[in-house]
Amino acid sequence: EAGVAQSPRYKIIEKRQSVAFWCNPISGHATLYWYQQILGQGPKLLIQFQNNGVVDDSQLPKDRFSAERLKGVDSTLKIQPAKLEDSAVYLCASSLDVPAPQHFGDGTRLSIL
Amino acid sequence: QKEVEQNSGPLSVPEGAIASLNCTYSDRGSQSFFWYRQYSGKSPELIMFIYSNGDKEDGRFTAQLNKASQYVSLLIRDSQPSDSATYLCAVNIKPGLDQAAGNKLTFGGGTRVLVKP
C-alpha cells in the first residue's frame, strides 16, 4: 500500500512570498489533515477534510493560509504572504475512518528568509 | 494547562533496559490514544494505539491507559539504540453527532529518548 505522498520535500522562500504544498493521501482514506510542526514541538492541526468538505479549520490562520481538497482526493495548502514564523514542517496525514489512526507523509520543510 | 502534556526529556536509558514514557491529558472526554515515534528529520510513525483502560502489548511496546487518572504511558522493553527518537502522545475526543469532527488529534510536545549502548 502506497503511503501519503507530499511535495515538495523542501522549500526556501523570502518573507511575503507565496508557497504551495501538495498532498496525495492513502487510497481510500476519506479524511485528510494538514499539520504544522515547529521545531521542538508536536504537530498542530491546521485543517481537517472529510472527503472534500472542511470539518475543522479552527487553527488555520485564514488571513494567510488556505487549503482545498478538490474531488475528495488530493489537497493543496497555500501560504500567502509568508511570515518568518511560518518556518516549520508541514505534514499531511490521512485516515480511513473515525476514529482511526492517522498516517503521515514525509512532510515539507519550509524555511522563510 | 496544556491539553496533552509530556516530559520533554531527554530520557536516557541504557541498552536493554525498560524506557517508561508518560502522558497526561486534560479532556475527560478523550477516547482514543496514540503513540507516534518520530526520528529526527522524519515524519511521525504510528507505533501503538489504545482505546480501553488497561494494558495493550505489541512486541517490545506496551501501552497503558488509565482514564480515571487521565494518563497514558508507553513502555519500551529491551531498549535498543534504534529506539532513540522522540515519542509523541496524541489523544482525541469522543465523536459527537458529527462523527468526523471527533477524530481530531491533539499532540503533546514529545519526549526525546536516548538509548545508550
# chains A, B, ... in the order shown; residues from 1 in each chain; ligands from 1
>>> residues_around(residues="Pro10 in chain B", least_positions_apart="3", cutoff="8 Å", atoms="only C-alpha atoms", output="PyMOL selection string")
chain B and resi 111-114
>>> residues_around(residues="range 37-46 of chain B", least_positions_apart="3", cutoff="7 Å", atoms="only C-alpha atoms", output="VMD selection string")
(chain A and resid 104 to 107) or (chain B and resid 85 to 88)
>>> write_last_selection(atoms="C-alpha atoms", output="PDB file, in the first residue's frame")
ATOM      1  CA  PHE A 104       1.699  10.790   7.909  1.00  0.00           C
ATOM      2  CA  GLY A 105       3.556  11.776   4.782  1.00  0.00           C
ATOM      3  CA  ASP A 106       7.220  12.764   4.842  1.00  0.00           C
ATOM      4  CA  GLY A 107       6.356  16.449   5.188  1.00  0.00           C
TER       5      GLY A 107
ATOM      6  CA  ALA B  85      13.751   9.098  18.878  1.00  0.00           C
ATOM      7  CA  THR B  86      11.067  11.495  20.033  1.00  0.00           C
ATOM      8  CA  TYR B  87       7.853   9.818  21.147  1.00  0.00           C
ATOM      9  CA  LEU B  88       4.657  11.778  20.634  1.00  0.00           C
TER      10      LEU B  88
END
>>> atom_distance(atom1="CA of Glu3 in chain B", atom2="CA of Gly3 in chain A")
29.1 Å
>>> interface_residues(of="chain A", to="chain B", cutoff="9 Å", atoms="only C-alpha atoms", output="PyMOL selection string")
chain A and resi 31+40-45+48-50+55-56+91+97-107
>>> select_by_dssp(residues="chain B", states="strand (DSSP E)", output="ChimeraX atom specification")
/B:4-6,11-14,19-25,30-38,45-50,54-58,61-66,71-76,85-93,106-107,111-116
>>> residues_around(residues="range 6-16 of chain A", least_positions_apart="5", cutoff="6 Å", atoms="only C-alpha atoms", output="list in words")
Trp22, Cys23, Pro81, Ala82, Lys83, Thr108, Arg109, Leu110, Ser111, Ile112 and Leu113 of chain A
>>> atom_distance(atom1="CA of Phe65 in chain A", atom2="CA of Asn24 in chain A")
18.8 Å
